[in-house]
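Peer 1: Got a structure for you, target_36.csv, holding CSV, C-alpha atoms.
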chain,number,residue,atom,x,y,z
A,2,MET,CA,129.9,102.5,91.0
A,3,SER,CA,132.8,101.3,88.9
A,4,THR,CA,135.7,103.4,87.8
A,5,SER,CA,138.0,102.9,84.9
A,6,SER,CA,140.7,105.5,85.6
A,7,SER,CA,143.3,105.5,82.9
A,8,PRO,CA,146.6,106.3,84.7
A,9,PRO,CA,147.4,108.9,85.6
A,10,GLY,CA,144.1,109.8,87.2
A,11,PRO,CA,143.0,113.4,87.5
A,12,VAL,CA,145.1,115.4,89.9
A,13,ARG,CA,144.6,118.7,91.6
A,14,TRP,CA,146.4,121.5,89.7
A,15,GLU,CA,148.2,124.1,91.8
A,16,ARG,CA,146.4,127.5,91.5
A,17,LEU,CA,149.0,130.3,91.2
A,18,GLU,CA,148.8,134.0,90.3
A,19,GLU,CA,145.8,135.6,88.6
A,20,ARG,CA,145.1,138.8,86.7
A,21,THR,CA,141.9,140.5,86.0
A,22,LEU,CA,141.0,140.8,82.3
A,23,ALA,CA,137.9,142.8,82.9
A,24,ALA,CA,136.0,144.1,86.0
A,25,THR,CA,132.3,144.7,85.8
A,26,ARG,CA,129.4,145.4,88.1
A,27,VAL,CA,128.2,141.8,88.2
A,28,LEU,CA,131.3,139.7,87.6
A,29,ASP,CA,135.1,139.9,86.9
A,30,LEU,CA,136.8,138.0,84.2
A,31,ARG,CA,140.2,136.6,85.3
A,32,SER,CA,143.0,134.7,83.8
A,33,VAL,CA,144.3,132.3,86.4
A,34,HIS,CA,147.6,130.5,86.2
A,35,PHE,CA,147.6,126.8,87.1
A,36,ARG,CA,150.4,124.3,87.3
A,37,HIS,CA,150.1,120.6,86.8
A,38,PRO,CA,152.0,118.9,89.7
A,39,ARG,CA,153.3,116.0,87.7
A,40,ARG,CA,153.6,117.1,84.2
A,41,GLU,CA,155.4,120.4,84.9
A,42,VAL,CA,152.9,122.1,82.6
A,43,ASP,CA,151.8,125.7,83.2
A,44,ARG,CA,148.6,127.0,81.7
A,45,ASP,CA,146.3,130.0,82.0
A,46,PHE,CA,142.6,129.4,82.4
A,47,VAL,CA,139.7,131.8,82.2
A,48,VAL,CA,137.6,132.1,85.4
A,49,ILE,CA,134.5,134.2,85.8
A,50,ALA,CA,134.6,135.5,89.4
A,51,ALA,CA,131.1,136.4,90.8
A,52,SER,CA,129.3,136.6,94.0
A,53,ASP,CA,127.1,133.7,95.1
A,54,TRP,CA,123.6,133.8,93.8
A,55,CYS,CA,120.2,132.7,95.2
A,56,ASN,CA,117.1,131.3,93.5
A,57,VAL,CA,113.8,130.9,95.3
A,58,ILE,CA,111.2,128.2,95.1
A,59,ALA,CA,108.3,130.0,96.6
A,60,LEU,CA,105.2,127.8,97.4
A,61,THR,CA,101.8,129.4,98.0
A,62,PRO,CA,99.4,127.9,100.5
A,63,ASP,CA,97.3,126.6,97.6
A,64,GLY,CA,100.2,124.7,95.9
A,65,GLN,CA,101.3,127.3,93.4
A,66,LEU,CA,104.8,128.5,92.6
A,67,VAL,CA,105.7,132.1,92.2
A,68,LEU,CA,107.4,132.9,88.9
A,69,VAL,CA,108.8,136.0,87.3
A,70,ARG,CA,108.9,136.9,83.6
A,71,GLN,CA,111.5,139.3,82.6
A,72,PHE,CA,113.4,140.6,79.6
A,73,ARG,CA,117.0,139.1,79.8
A,74,TYR,CA,119.9,140.9,78.2
A,75,GLY,CA,122.1,137.8,77.9
A,76,ILE,CA,119.7,136.1,75.5
A,77,ASN,CA,118.1,139.3,74.3
A,78,ASP,CA,114.7,137.8,74.9
A,79,PHE,CA,112.1,137.1,77.7
A,80,SER,CA,112.6,134.4,80.2
A,81,LEU,CA,110.2,132.7,82.7
A,82,GLU,CA,112.1,132.0,85.9
A,83,ILE,CA,111.8,131.7,89.7
A,84,PRO,CA,112.8,134.8,91.6
A,85,GLY,CA,116.5,135.3,92.5
A,86,GLY,CA,119.5,137.4,92.4
A,87,ILE,CA,122.9,138.3,93.8
A,88,ILE,CA,123.6,137.6,97.5
A,89,ASP,CA,125.0,140.7,99.2
A,90,PRO,CA,128.4,140.4,100.9
A,91,GLY,CA,128.0,138.6,104.2
A,92,GLU,CA,124.3,138.0,103.6
A,93,ASP,CA,122.9,134.6,104.5
A,94,PRO,CA,121.6,132.8,101.4
A,95,VAL,CA,118.1,132.1,102.9
A,96,VAL,CA,117.8,135.8,104.0
A,97,ALA,CA,118.9,136.8,100.5
A,98,GLY,CA,116.3,134.5,99.0
A,99,LEU,CA,113.5,136.0,101.1
A,100,ARG,CA,114.7,139.5,100.2
A,101,GLU,CA,114.8,138.8,96.5
A,102,LEU,CA,111.4,137.2,96.6
A,103,ARG,CA,110.0,140.2,98.4
A,104,GLU,CA,111.7,142.8,96.2
A,105,GLU,CA,110.9,141.1,92.9
A,106,THR,CA,107.4,139.8,93.6
A,107,GLY,CA,106.0,141.3,96.8
A,108,PHE,CA,105.5,137.8,98.1
A,109,VAL,CA,106.5,137.0,101.7
A,110,GLY,CA,106.7,133.5,103.3
A,111,THR,CA,106.5,132.2,106.8
A,112,GLU,CA,109.1,129.4,106.5
A,113,ALA,CA,112.3,129.3,104.5
A,114,ARG,CA,115.3,126.9,104.3
A,115,LEU,CA,118.2,126.1,102.1
A,116,LEU,CA,117.2,123.3,99.6
A,117,ALA,CA,120.5,122.8,97.9
A,118,SER,CA,123.5,124.6,96.4
A,119,VAL,CA,124.8,124.1,92.9
A,120,HIS,CA,127.7,125.5,90.9
A,121,PRO,CA,126.5,127.4,87.8
A,122,ASN,CA,129.6,126.2,85.9
A,123,PRO,CA,132.5,124.6,87.7
A,124,ALA,CA,134.7,124.7,84.6
A,125,ILE,CA,134.8,128.4,84.2
A,126,GLN,CA,133.0,130.0,87.1
A,127,ASN,CA,133.9,130.2,90.8
A,128,ASN,CA,130.6,130.9,92.4
A,129,ARG,CA,127.6,128.9,93.7
A,130,CYS,CA,123.8,129.4,93.4
A,131,HIS,CA,121.9,128.6,96.6
A,132,LEU,CA,118.4,127.2,96.1
A,133,VAL,CA,116.0,128.4,98.8
A,134,LEU,CA,112.6,127.0,99.6
A,135,VAL,CA,110.0,129.5,100.9
A,136,GLU,CA,106.7,128.1,102.1
A,137,ASN,CA,103.3,129.8,102.7
A,138,ALA,CA,104.3,132.6,100.3
A,139,THR,CA,101.6,135.2,99.9
A,140,ALA,CA,101.5,138.5,98.1
A,141,SER,CA,101.7,140.9,101.0
A,142,SER,CA,104.4,143.4,100.4
A,143,VAL,CA,105.2,146.0,97.8
A,144,GLN,CA,107.6,145.2,94.9
A,145,GLN,CA,110.9,147.0,95.0
A,146,TRP,CA,112.5,146.6,91.7
A,147,ASP,CA,116.0,147.5,90.9
A,148,HIS,CA,116.5,150.4,88.5
A,149,ASP,CA,116.4,148.3,85.4
A,150,GLU,CA,113.9,145.6,86.5
A,151,GLU,CA,110.5,145.2,85.0
A,152,ILE,CA,108.9,142.0,86.3
A,153,GLU,CA,105.7,140.2,85.5
A,154,VAL,CA,104.7,138.0,88.5
A,155,VAL,CA,103.1,134.7,87.6
A,156,THR,CA,101.7,132.1,89.8
A,157,ALA,CA,101.0,128.5,88.6
A,158,PRO,CA,100.4,125.1,90.0
A,159,VAL,CA,103.6,123.1,90.8
A,160,ASP,CA,102.8,120.4,88.3
A,161,ASP,CA,102.4,122.9,85.5
A,162,VAL,CA,105.7,124.5,86.3
A,163,LEU,CA,107.5,121.1,86.3
A,164,ALA,CA,105.8,120.3,83.0
A,165,TRP,CA,106.9,123.7,81.6
A,166,ALA,CA,110.5,123.0,82.5
A,167,ARG,CA,110.4,119.6,80.8
A,168,ALA,CA,108.7,121.0,77.8
A,169,GLY,CA,111.3,123.7,77.3
A,170,LYS,CA,109.1,126.7,78.3
A,171,ILE,CA,111.4,127.3,81.3
A,172,THR,CA,115.0,127.1,80.1
A,173,HIS,CA,117.1,128.9,82.8
A,174,SER,CA,119.5,126.2,84.0
A,175,LEU,CA,119.5,127.4,87.6
A,176,VAL,CA,115.7,127.5,87.6
A,177,VAL,CA,115.6,123.9,86.3
A,178,CYS,CA,118.0,123.0,89.1
A,179,GLY,CA,115.7,124.5,91.7
A,180,LEU,CA,112.8,122.4,90.4
A,181,MET,CA,114.9,119.3,90.3
A,182,HIS,CA,115.7,119.7,94.0
A,183,PHE,CA,112.1,120.6,94.9
A,184,GLU,CA,110.3,117.8,93.0
A,185,PRO,CA,110.9,115.0,95.5
A,186,ILE,CA,109.5,117.1,98.3
A,187,TRP,CA,106.5,117.8,96.2
A,188,ARG,CA,106.0,114.2,95.2
A,189,VAL,CA,106.1,113.1,98.9
A,190,ARG,CA,103.5,115.8,99.8
A,191,MET,CA,101.2,114.7,97.0
A,192,GLY,CA,101.5,111.0,98.1
A,193,ARG,CA,103.3,110.0,94.9
A,194,GLY,CA,106.4,108.6,96.7
A,195,VAL,CA,109.9,109.7,95.7
B,17,MET,CA,98.2,130.5,85.6
B,18,SER,CA,97.5,133.9,87.0
B,19,THR,CA,99.5,137.0,86.4
B,20,SER,CA,99.7,140.2,88.4
B,21,SER,CA,101.7,142.4,86.1
B,22,SER,CA,102.2,145.8,87.6
B,23,PRO,CA,102.0,148.4,84.8
B,24,PRO,CA,104.1,148.8,82.8
B,25,GLY,CA,104.7,145.1,82.1
B,26,PRO,CA,108.1,144.0,80.9
B,27,VAL,CA,109.0,145.2,77.5
B,28,ARG,CA,111.6,144.2,75.0
B,29,TRP,CA,114.7,146.4,75.2
B,30,GLU,CA,116.3,147.5,71.9
B,31,ARG,CA,119.8,145.9,71.5
B,32,LEU,CA,122.2,148.4,70.1
B,33,GLU,CA,126.0,148.5,69.7
B,34,GLU,CA,128.3,146.3,71.6
B,35,ARG,CA,132.0,146.3,72.4
B,36,THR,CA,134.3,143.5,73.5
B,37,LEU,CA,135.8,143.9,76.9
B,38,ALA,CA,137.9,140.8,76.7
B,39,ALA,CA,138.3,138.0,74.2
B,40,THR,CA,139.4,134.5,75.3
B,41,ARG,CA,139.7,131.0,74.0
B,42,VAL,CA,136.3,129.9,75.4
B,43,LEU,CA,134.2,133.0,75.7
B,44,ASP,CA,134.1,136.8,75.0
B,45,LEU,CA,133.0,139.3,77.6
B,46,ARG,CA,131.0,142.1,76.0
B,47,SER,CA,129.3,145.3,77.0
B,48,VAL,CA,126.1,145.6,75.1
B,49,HIS,CA,124.2,148.8,74.9
B,50,PHE,CA,120.4,148.5,75.3
B,51,ARG,CA,117.6,151.1,75.1
B,52,HIS,CA,114.3,150.9,76.9
B,53,PRO,CA,111.6,151.7,74.3
B,54,ARG,CA,109.3,153.7,76.6
B,55,ARG,CA,111.5,155.1,79.3
B,56,GLU,CA,114.1,156.6,77.0
B,57,VAL,CA,116.7,155.0,79.3
B,58,ASP,CA,120.0,153.7,77.9
B,59,ARG,CA,122.2,151.2,79.7
B,60,ASP,CA,125.2,149.0,79.2
B,61,PHE,CA,124.8,145.3,80.3
B,62,VAL,CA,127.5,142.7,80.5
B,63,VAL,CA,127.1,139.7,78.2
B,64,ILE,CA,129.2,136.5,78.2
B,65,ALA,CA,129.3,135.4,74.5
B,66,ALA,CA,130.1,131.8,74.1
B,67,SER,CA,129.5,128.9,71.7
B,68,ASP,CA,126.7,126.5,72.4
B,69,TRP,CA,127.6,123.6,74.7
B,70,CYS,CA,126.4,120.0,74.9
B,71,ASN,CA,126.0,117.6,77.8
B,72,VAL,CA,125.4,113.9,77.4
B,73,ILE,CA,123.3,111.5,79.3
B,74,ALA,CA,124.9,108.2,78.2
B,75,LEU,CA,122.9,105.1,79.3
B,76,THR,CA,124.6,101.7,79.2
B,77,PRO,CA,122.7,98.5,78.3
B,78,ASP,CA,122.6,97.6,82.0
B,79,GLY,CA,121.0,100.9,83.2
B,80,GLN,CA,124.1,102.8,84.3
B,81,LEU,CA,125.1,106.3,83.4
B,82,VAL,CA,128.5,107.3,82.3
B,83,LEU,CA,130.1,110.0,84.4
B,84,VAL,CA,133.4,111.9,84.4
B,85,ARG,CA,135.3,113.2,87.3
B,86,GLN,CA,137.7,116.1,86.6
B,87,PHE,CA,139.6,118.9,88.2
B,88,ARG,CA,137.8,122.1,87.3
B,89,TYR,CA,139.6,125.4,87.2
B,90,GLY,CA,136.6,127.6,87.9
B,91,ILE,CA,135.9,126.1,91.3
B,92,ASN,CA,139.6,125.0,91.9
B,93,ASP,CA,138.3,121.6,92.8
B,94,PHE,CA,137.1,118.2,91.5
B,95,SER,CA,133.7,117.8,90.0
B,96,LEU,CA,131.6,114.8,89.1
B,97,GLU,CA,129.7,115.4,85.9
B,98,ILE,CA,128.3,113.9,82.7
B,99,PRO,CA,130.5,114.2,79.6
B,100,GLY,CA,130.1,117.4,77.5
B,101,GLY,CA,131.9,120.2,75.9
B,102,ILE,CA,131.9,123.0,73.3
B,103,ILE,CA,130.0,122.4,70.1
B,104,ASP,CA,132.2,123.1,67.0
B,105,PRO,CA,131.0,125.8,64.6
B,106,GLY,CA,128.3,124.2,62.4
B,107,GLU,CA,128.3,121.0,64.3
B,108,ASP,CA,125.0,119.3,65.1
B,109,PRO,CA,124.4,119.1,68.9
B,110,VAL,CA,123.7,115.4,68.8
B,111,VAL,CA,126.9,114.8,66.7
B,112,ALA,CA,128.8,117.0,69.2
B,113,GLY,CA,127.4,115.0,72.1
B,114,LEU,CA,128.5,111.7,70.6
B,115,ARG,CA,131.9,113.1,69.8
B,116,GLU,CA,132.4,114.5,73.3
B,117,LEU,CA,131.3,111.2,74.9
B,118,ARG,CA,133.7,109.2,72.7
B,119,GLU,CA,136.6,111.6,73.3
B,120,GLU,CA,136.2,112.0,77.0
B,121,THR,CA,135.2,108.4,77.9
B,122,GLY,CA,135.7,106.1,75.0
B,123,PHE,CA,132.0,105.2,75.2
B,124,VAL,CA,130.0,104.9,71.9
B,125,GLY,CA,126.3,104.5,71.7
B,126,THR,CA,123.9,103.2,69.1
B,127,GLU,CA,121.0,105.7,69.5
B,128,ALA,CA,121.2,109.4,70.2
B,129,ARG,CA,118.7,112.2,70.3
B,130,LEU,CA,118.3,115.7,71.6
B,131,LEU,CA,116.6,115.6,75.0
B,132,ALA,CA,116.3,119.3,75.7
B,133,SER,CA,118.1,122.6,75.4
B,134,VAL,CA,118.6,125.1,78.3
B,135,HIS,CA,120.2,128.5,78.7
B,136,PRO,CA,123.1,128.4,81.2
B,137,ASN,CA,122.2,131.9,82.3
B,138,PRO,CA,119.8,134.1,80.3
B,139,ALA,CA,120.6,137.1,82.4
B,140,ILE,CA,124.2,137.4,81.4
B,141,GLN,CA,125.1,134.7,78.9
B,142,ASN,CA,123.9,134.3,75.3
B,143,ASN,CA,124.4,130.6,74.6
B,144,ARG,CA,122.5,127.4,75.1
B,145,CYS,CA,123.5,124.0,76.4
B,146,HIS,CA,122.0,121.0,74.5
B,147,LEU,CA,121.2,117.9,76.5
B,148,VAL,CA,121.8,114.8,74.5
B,149,LEU,CA,120.6,111.3,75.3
B,150,VAL,CA,122.8,108.4,74.1
B,151,GLU,CA,121.5,104.9,74.5
B,152,ASN,CA,123.3,101.5,74.5
B,153,ALA,CA,126.5,103.2,75.4
B,154,THR,CA,129.5,100.8,75.7
B,155,ALA,CA,133.2,101.3,76.2
B,156,SER,CA,134.4,100.6,72.8
B,157,SER,CA,136.7,103.4,71.7
B,158,VAL,CA,139.9,105.0,72.8
B,159,GLN,CA,139.7,108.2,74.9
B,160,GLN,CA,141.1,111.2,73.1
B,161,TRP,CA,141.6,113.9,75.7
B,162,ASP,CA,142.3,117.5,75.0
B,163,HIS,CA,145.7,118.7,76.0
B,164,ASP,CA,144.7,119.7,79.5
B,165,GLU,CA,142.1,117.0,80.2
B,166,GLU,CA,142.6,114.2,82.7
B,167,ILE,CA,139.3,112.4,83.2
B,168,GLU,CA,138.3,109.6,85.5
B,169,VAL,CA,135.4,107.7,83.9
B,170,VAL,CA,132.8,106.4,86.4
B,171,THR,CA,129.7,104.4,85.7
B,172,ALA,CA,126.9,104.1,88.2
B,173,PRO,CA,123.2,103.1,88.3
B,174,VAL,CA,120.8,105.8,87.2
B,175,ASP,CA,119.0,105.9,90.6
B,176,ASP,CA,122.4,106.4,92.4
B,177,VAL,CA,123.2,109.3,90.1
B,178,LEU,CA,119.8,110.9,90.6
B,179,ALA,CA,120.3,110.5,94.4
B,180,TRP,CA,123.8,112.0,94.2
B,181,ALA,CA,122.5,115.1,92.4
B,182,ARG,CA,119.8,115.6,95.1
B,183,ALA,CA,122.3,114.9,97.9
B,184,GLY,CA,124.7,117.6,96.6
B,185,LYS,CA,127.4,115.2,95.3
B,186,ILE,CA,126.8,116.3,91.8
B,187,THR,CA,126.6,120.1,91.7
B,188,HIS,CA,127.2,121.3,88.1
B,189,SER,CA,123.9,123.0,87.2
B,190,LEU,CA,124.0,121.8,83.6
B,191,VAL,CA,124.4,118.2,84.7
B,192,VAL,CA,121.5,118.6,87.1
B,193,CYS,CA,119.5,119.9,84.2
B,194,GLY,CA,120.4,116.8,82.1
B,195,LEU,CA,119.2,114.6,84.9
B,196,MET,CA,116.0,116.6,85.4
B,197,HIS,CA,115.1,116.1,81.7
B,198,PHE,CA,116.1,112.4,81.7
B,199,GLU,CA,114.3,111.4,84.9
B,200,PRO,CA,110.7,111.1,83.5
B,201,ILE,CA,112.0,108.9,80.7
B,202,TRP,CA,113.7,106.7,83.3
B,203,ARG,CA,110.6,106.6,85.5
B,204,VAL,CA,108.5,105.4,82.7
B,205,ARG,CA,111.0,102.7,81.7
B,206,MET,CA,111.1,101.5,85.3
B,207,GLY,CA,107.3,101.4,85.4
B,208,ARG,CA,107.1,104.1,88.1
B,209,GLY,CA,104.9,106.4,86.0
B,210,VAL,CA,105.8,110.0,85.4
Translate this file's structure into structure tokens.
Peer 2:
Amino acid sequence: MSTSSSPPGPVRWERLEERTLAATRVLDLRSVHFRHPRREVDRDFVVIAASDWCNVIALTPDGQLVLVRQFRYGINDFSLEIPGGIIDPGEDPVVAGLRELREETGFVGTEARLLASVHPNPAIQNNRCHLVLVENATASSVQQWDHDEEIEVVTAPVDDVLAWARAGKITHSLVVCGLMHFEPIWRVRMGRGV
Amino acid sequence: MSTSSSPPGPVRWERLEERTLAATRVLDLRSVHFRHPRREVDRDFVVIAASDWCNVIALTPDGQLVLVRQFRYGINDFSLEIPGGIIDPGEDPVVAGLRELREETGFVGTEARLLASVHPNPAIQNNRCHLVLVENATASSVQQWDHDEEIEVVTAPVDDVLAWARAGKITHSLVVCGLMHFEPIWRVRMGRGV
């Protein structure tokens, strides 16, 4: 690793007061005042404040992944994704993942662990998305959709899902992240090496 | 692929009027009114409206990737990323990628193409992030940072960068997506198969 930092290198800005521009059910939009420690420059930056999220890679005993297809209001279109949602206050990410999987798909697993955690967008957003791996997932519960949810549950072989992500059929960045973190585990299991 | 859609399956909601809750330099927060076509249910959903973004996988002639390390206001911390930014109105994503690469790092490439496009968050955000591959990138220009940018430029072997993403040293979801889409190309070049 080689660095070519032009002086001065990046410094930590001092985070000062903030004000809420808009408060909504799923996120707050804030304007946060930062001060550069050397330049004596003050600036306001927009920050989306949201709870942490979870996304679930749910693997069935026969090597399929559990997907959900939903209408998504942000893009005004359908999206093929892995299950996931907002983590409740104080809830463990793995517990949240198991809950979202069960509620959205009716699938329940026997083993679950945290695969990785990513930042949806460090530049403008303060939260993390925790990627949870659930193994031996089987359809054994009743779906419990939120008021506005309508979800088509889809299962497909892991290699198909990886190919769909790379072909642009799966476009949700956090879903792609889940697959990126799961792929080496899958390759090792399939004897393909890392 | 097998589906187990519980009736009724997901339908396309009708997008009706919207109002802006907050307008900022980098995004607008909107409340958009949607109507379910069958249930006769009306609901407001929050949508972050933003320009499309670009992220750049820049490969040097000796098999290194060009990274940038910056202080990020959203997470109030430093983040190791690939170069990228906001696409100007009417600007081609590949042109934007080459521009951001040059401005942020001083690197210029000889070949560039669109690798993939993802949605940062289909649920609550309307824009896309275009992942651009730039080849034969060499440090041959002068960095032109925006007013608030301070960027440390880092080059590292592709395999190291992939390992950093999987070890949680690189956490920006859109950067992870770029690596996910680039990895098969790299594997083929290294003779590892897909």
Peer 1: Using only C-alpha atoms, find the one residue out of A:Arg129, A:Arg167, A:Arg100, A:Arg13 that sits nearest to B:Leu131.
Peer 2: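 For B:Leu131, the nearest of the candidates is A:Arg167.
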Peer 1: Here is a test: counting all atoms listed in the file, which residue of B:Val110, B:Leu75, B:Val134, B:Cys145 is nearest to B:Ile201?
Peer 2: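 Among B:Val110, B:Leu75, B:Val134, B:Cys145, it is B:Leu75 that comes nearest to B:Ile201.
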Peer 1: Mind pulling up the distance from atom CA of B:Gly101 to atom CA of A:Glu19?
Peer 2: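 Taking atom CA of A:Glu19 as the start and atom CA of B:Gly101 as the end point, the length is 24.3 Å.
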Peer 1: Find the residue from A:Val159, A:Met181, A:Ile58, A:Leu17 that sits nearest to chain B; use all atoms listed in the file when measuring.
Peer 2: A:Met181
Peer 1: Taking all atoms listed in the file into account, produce a table as CSV in which each residue of chain B with an atom at most 7 Å from an atom of chain A appears once, together with its shortest atom pair and the distance in Å to one decimal, ordered by chain and rising number.
Peer 2:
residue,atom,partner,partner_atom,distance
B:Met17,CA,A:Ala157,CA,4.6
B:Ser18,CA,A:Thr156,CA,5.4
B:Thr19,CA,A:Val155,CA,4.4
B:Ser20,CA,A:Val154,CA,5.5
B:Ser21,CA,A:Glu153,CA,4.6
B:Ser22,CA,A:Glu153,CA,6.9
B:Gly25,CA,A:Glu153,CA,6.0
B:Pro26,CA,A:Glu151,CA,4.9
B:Val27,CA,A:Phe72,CA,6.7
B:Arg28,CA,A:Phe72,CA,6.1
B:Leu37,CA,A:Ala23,CA,6.5
B:Ala38,CA,A:Leu22,CA,6.4
B:Phe61,CA,A:Tyr74,CA,6.9
B:Val63,CA,A:Gly75,CA,5.4
B:Gln86,CA,A:Pro11,CA,6.0
B:Phe87,CA,A:Arg13,CA,6.0
B:Arg88,CA,A:Ala124,CA,4.9
B:Tyr89,CA,A:Ala124,CA,5.6
B:Gly90,CA,A:Ile125,CA,4.2
B:Ile91,CA,A:Asn127,CA,4.6
B:Ala132,CA,A:Gly169,CA,6.8
B:Val134,CA,A:Thr172,CA,4.5
B:His135,CA,A:His173,CA,5.2
B:Pro136,CA,A:Ser174,CA,5.1
B:Asn137,CA,A:His173,CA,5.9
B:Pro138,CA,A:Gly75,CA,5.0
B:Ala139,CA,A:Gly75,CA,4.8
B:Ile140,CA,A:Gly75,CA,4.1
B:Gln141,CA,A:Gly75,CA,4.4
B:Asn142,CA,A:Ile76,CA,4.6
B:Glu166,CA,A:Pro11,CA,4.9
B:Ile167,CA,A:Pro11,CA,5.8
B:Glu168,CA,A:Ser6,CA,4.8
B:Val169,CA,A:Ser5,CA,5.5
B:Val170,CA,A:Thr4,CA,4.4
B:Thr171,CA,A:Ser3,CA,5.4
B:Ala172,CA,A:Met2,CA,4.4
B:Arg182,CA,A:His182,CA,5.9
B:Gly184,CA,A:Ala117,CA,6.8
B:Thr187,CA,A:Val119,CA,4.5
B:His188,CA,A:His120,CA,5.1
B:Ser189,CA,A:Pro121,CA,5.1
B:Leu190,CA,A:Ser174,CA,6.3
B:Val192,CA,A:Cys178,CA,6.0
B:Cys193,CA,A:Val177,CA,6.0
B:Met196,CA,A:Met181,CA,5.7
B:His197,CA,A:Arg167,CA,5.9
Peer 1: Mind giving me the straight-line distance from atom CA of A:Asp53 to atom CA of B:Leu147 in Å, one decimal?
Peer 2: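 Those two atoms sit 25.1 Å apart.
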Peer 1: Enter the distance from atom CA of A:Ile88 to atom CA of A:Ser52, in Å, rounded to one decimal.
Peer 2: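 Here the two named atoms are 6.8 Å from each other.
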